[in-house]
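Working notes for the structure below.
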Amino acid sequence: MKMILTAAVLIAFTTSASAKLGAFGLDEMIRKADIIVVGKVEALLPKTGAPTNATVRVTETLKGAPGETITLNVQPTWTCDVSEAKAGELILLVIWRDQKTGRNLIYGSGRGRMPIDEVNGKSYATFWPEVRMPPGVEIIAGPEPKFDFIRRANLANLKDHISRIMKETPNKAPEATR
């Protein structure tokens, strides 16, 4: 009886555990990525229900050798994973390849997907707050005021920064885990 009472007290006073994605810098993303591209989402599969894969037509390669199209896994793997793709969207993608499965995954539990839009004649990539942008990258408000924690970064600044980091560490091997 004493053991049951002790167990009940422990359960009653135990708080639930939760996981949260930590912040990381853009430089870390660039160095650890296998592929970085600008591309347009051409197709989502399956066509009904929640998509698990997206076909992305590469319009610009910033790192790696992806070819003309990339098949990208967009199925979230855990609670804080925001991986997704929307048909027709133009995106900046930071991708890592799972060496065990060969699947292309969006870096940082989906934070490596940055939809591109235009504001006052300039292109911007929308990013989540877990991505720390370096100094010198112009940041403006995000596309949805109710989500003020999501912002946009100047795409030309991002491309320049990616190019600079790639020149500093062009042959750095990607990390095995992300």
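For the structure tokens, the naming scheme is as follows: chains receive sequential letters (A, B, ...) according to their order of presentation, residues are indexed from 1 within each chain, and ligands are indexed from 1 in presentation order.
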Using only C-alpha atoms, which protein or nucleic acid residues come within 9 Å of stretch 132-145 of chain A? Drop anything in the same chain fewer than 4 positions from it, and give the result as a PyMOL selection string. chain A and resi 23-27+117+124+126-128+149-158+161
Writing out the chosen residues with N, CA and C atoms as a PDB file, in the first residue's frame:
ATOM      1  N   ALA A  23      17.655  27.412 -30.783  1.00  0.00           N
ATOM      2  CA  ALA A  23      18.035  28.347 -31.843  1.00  0.00           C
ATOM      3  C   ALA A  23      19.377  27.937 -32.450  1.00  0.00           C
ATOM      4  N   PHE A  24      19.584  28.303 -33.699  1.00  0.00           N
ATOM      5  CA  PHE A  24      20.847  28.041 -34.377  1.00  0.00           C
ATOM      6  C   PHE A  24      21.084  29.148 -35.385  1.00  0.00           C
ATOM      7  N   GLY A  25      22.337  29.403 -35.691  1.00  0.00           N
ATOM      8  CA  GLY A  25      22.689  30.468 -36.608  1.00  0.00           C
ATOM      9  C   GLY A  25      22.623  30.042 -38.064  1.00  0.00           C
ATOM     10  N   LEU A  26      22.418  31.019 -38.919  1.00  0.00           N
ATOM     11  CA  LEU A  26      22.403  30.759 -40.356  1.00  0.00           C
ATOM     12  C   LEU A  26      23.733  30.171 -40.799  1.00  0.00           C
ATOM     13  N   ASP A  27      24.843  30.638 -40.218  1.00  0.00           N
ATOM     14  CA  ASP A  27      26.162  30.118 -40.602  1.00  0.00           C
ATOM     15  C   ASP A  27      26.242  28.616 -40.349  1.00  0.00           C
ATOM     16  N   ASP A 117       8.825  35.915 -51.096  1.00  0.00           N
ATOM     17  CA  ASP A 117       7.834  36.821 -51.674  1.00  0.00           C
ATOM     18  C   ASP A 117       8.504  38.166 -51.920  1.00  0.00           C
ATOM     19  N   TYR A 124      12.225  38.685 -50.431  1.00  0.00           N
ATOM     20  CA  TYR A 124      12.496  38.341 -49.038  1.00  0.00           C
ATOM     21  C   TYR A 124      12.151  36.878 -48.805  1.00  0.00           C
ATOM     22  N   THR A 126      10.993  34.252 -45.835  1.00  0.00           N
ATOM     23  CA  THR A 126      10.367  34.201 -44.513  1.00  0.00           C
ATOM     24  C   THR A 126      11.061  33.148 -43.659  1.00  0.00           C
ATOM     25  N   PHE A 127      11.392  33.506 -42.412  1.00  0.00           N
ATOM     26  CA  PHE A 127      12.089  32.567 -41.535  1.00  0.00           C
ATOM     27  C   PHE A 127      11.498  32.562 -40.135  1.00  0.00           C
ATOM     28  N   TRP A 128      11.711  31.443 -39.431  1.00  0.00           N
ATOM     29  CA  TRP A 128      11.238  31.256 -38.062  1.00  0.00           C
ATOM     30  C   TRP A 128      12.246  31.841 -37.074  1.00  0.00           C
ATOM     31  N   PHE A 149       6.387  36.836 -34.615  1.00  0.00           N
ATOM     32  CA  PHE A 149       7.673  36.191 -34.363  1.00  0.00           C
ATOM     33  C   PHE A 149       8.287  35.629 -35.647  1.00  0.00           C
ATOM     34  N   ILE A 150       7.496  35.482 -36.698  1.00  0.00           N
ATOM     35  CA  ILE A 150       7.996  35.033 -37.996  1.00  0.00           C
ATOM     36  C   ILE A 150       8.293  36.278 -38.821  1.00  0.00           C
ATOM     37  N   ARG A 151       9.540  36.364 -39.333  1.00  0.00           N
ATOM     38  CA  ARG A 151       9.954  37.573 -40.059  1.00  0.00           C
ATOM     39  C   ARG A 151      10.516  37.222 -41.434  1.00  0.00           C
ATOM     40  N   ARG A 152      10.934  38.253 -42.146  1.00  0.00           N
ATOM     41  CA  ARG A 152      11.501  38.064 -43.485  1.00  0.00           C
ATOM     42  C   ARG A 152      12.929  38.610 -43.511  1.00  0.00           C
ATOM     43  N   ALA A 153      13.780  37.944 -44.301  1.00  0.00           N
ATOM     44  CA  ALA A 153      15.160  38.378 -44.510  1.00  0.00           C
ATOM     45  C   ALA A 153      15.352  38.677 -45.992  1.00  0.00           C
ATOM     46  N   ASN A 154      16.091  39.729 -46.274  1.00  0.00           N
ATOM     47  CA  ASN A 154      16.367  40.132 -47.645  1.00  0.00           C
ATOM     48  C   ASN A 154      17.084  38.994 -48.372  1.00  0.00           C
ATOM     49  N   LEU A 155      16.500  38.505 -49.462  1.00  0.00           N
ATOM     50  CA  LEU A 155      17.034  37.352 -50.179  1.00  0.00           C
ATOM     51  C   LEU A 155      18.417  37.637 -50.775  1.00  0.00           C
ATOM     52  N   ALA A 156      18.630  38.819 -51.325  1.00  0.00           N
ATOM     53  CA  ALA A 156      19.942  39.150 -51.894  1.00  0.00           C
ATOM     54  C   ALA A 156      21.013  39.127 -50.798  1.00  0.00           C
ATOM     55  N   ASN A 157      20.685  39.651 -49.605  1.00  0.00           N
ATOM     56  CA  ASN A 157      21.621  39.607 -48.473  1.00  0.00           C
ATOM     57  C   ASN A 157      21.928  38.158 -48.089  1.00  0.00           C
ATOM     58  N   LEU A 158      20.894  37.310 -48.062  1.00  0.00           N
ATOM     59  CA  LEU A 158      21.083  35.899 -47.708  1.00  0.00           C
ATOM     60  C   LEU A 158      21.992  35.198 -48.718  1.00  0.00           C
ATOM     61  N   HIS A 161      25.532  36.252 -48.222  1.00  0.00           N
ATOM     62  CA  HIS A 161      26.092  35.651 -47.013  1.00  0.00           C
ATOM     63  C   HIS A 161      26.417  34.173 -47.239  1.00  0.00           C
TER      64      HIS A 161
END
As a count of residues only, please: the residues near stretch 81-89 of chain A (cut-off 12 Å, only C-alpha atoms, same-chain neighbours under 3 positions excluded). 52
Going by DSSP on the backbone, which bits of chain A are strand (DSSP E)? Write them as number ranges by chain, please. A: 24-25, 35-45, 53-63, 69-73, 90-97, 104-106, 113-119, 122-127, 131-132, 139-141, 151-154
Using only C-alpha atoms, pick whichever of A:Ile30, A:Lys100, A:Asn120, A:Cys80 has the shortest atom-to-atom distance to A:Lys63.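 Looking only at the distances to A:Lys63, the closest residue turns out to be A:Ile30.
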Å distance separating atom CA of A:Asp34 from atom CA of A:Pro46, one decimal place: 25.3 Å
Measuring between only C-alpha atoms, which one of A:Leu90, A:Asp148, A:Thr59, A:Arg97 shows the shortest distance to A:Ser123?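 Going through A:Leu90, A:Asp148, A:Thr59, A:Arg97 one by one, the smallest distance to A:Ser123 is for A:Leu90.
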What parts of stretch 89-165 of chain A does DSSP call alpha helix (DSSP H)? I'd like the answer as a ChimeraX atom specification. /A:155-165
Residues from last step as file, C-alpha atoms, as a compact mmCIF listing (two decimals), in the first residue's frame:
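Just written: part.txt:
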# COMPACT_ATOMS: atom_id res chain seq x y z
CA LEU A 155 17.03 37.35 -50.18
CA ALA A 156 19.94 39.15 -51.89
CA ASN A 157 21.62 39.61 -48.47
CA LEU A 158 21.08 35.90 -47.71
CA LYS A 159 22.58 34.79 -51.04
CA ASP A 160 25.61 37.05 -50.51
CA HIS A 161 26.09 35.65 -47.01
CA ILE A 162 25.77 32.04 -48.19
CA SER A 163 28.34 32.71 -50.92
CA ARG A 164 30.73 34.28 -48.39
CA ILE A 165 30.44 31.33 -45.99
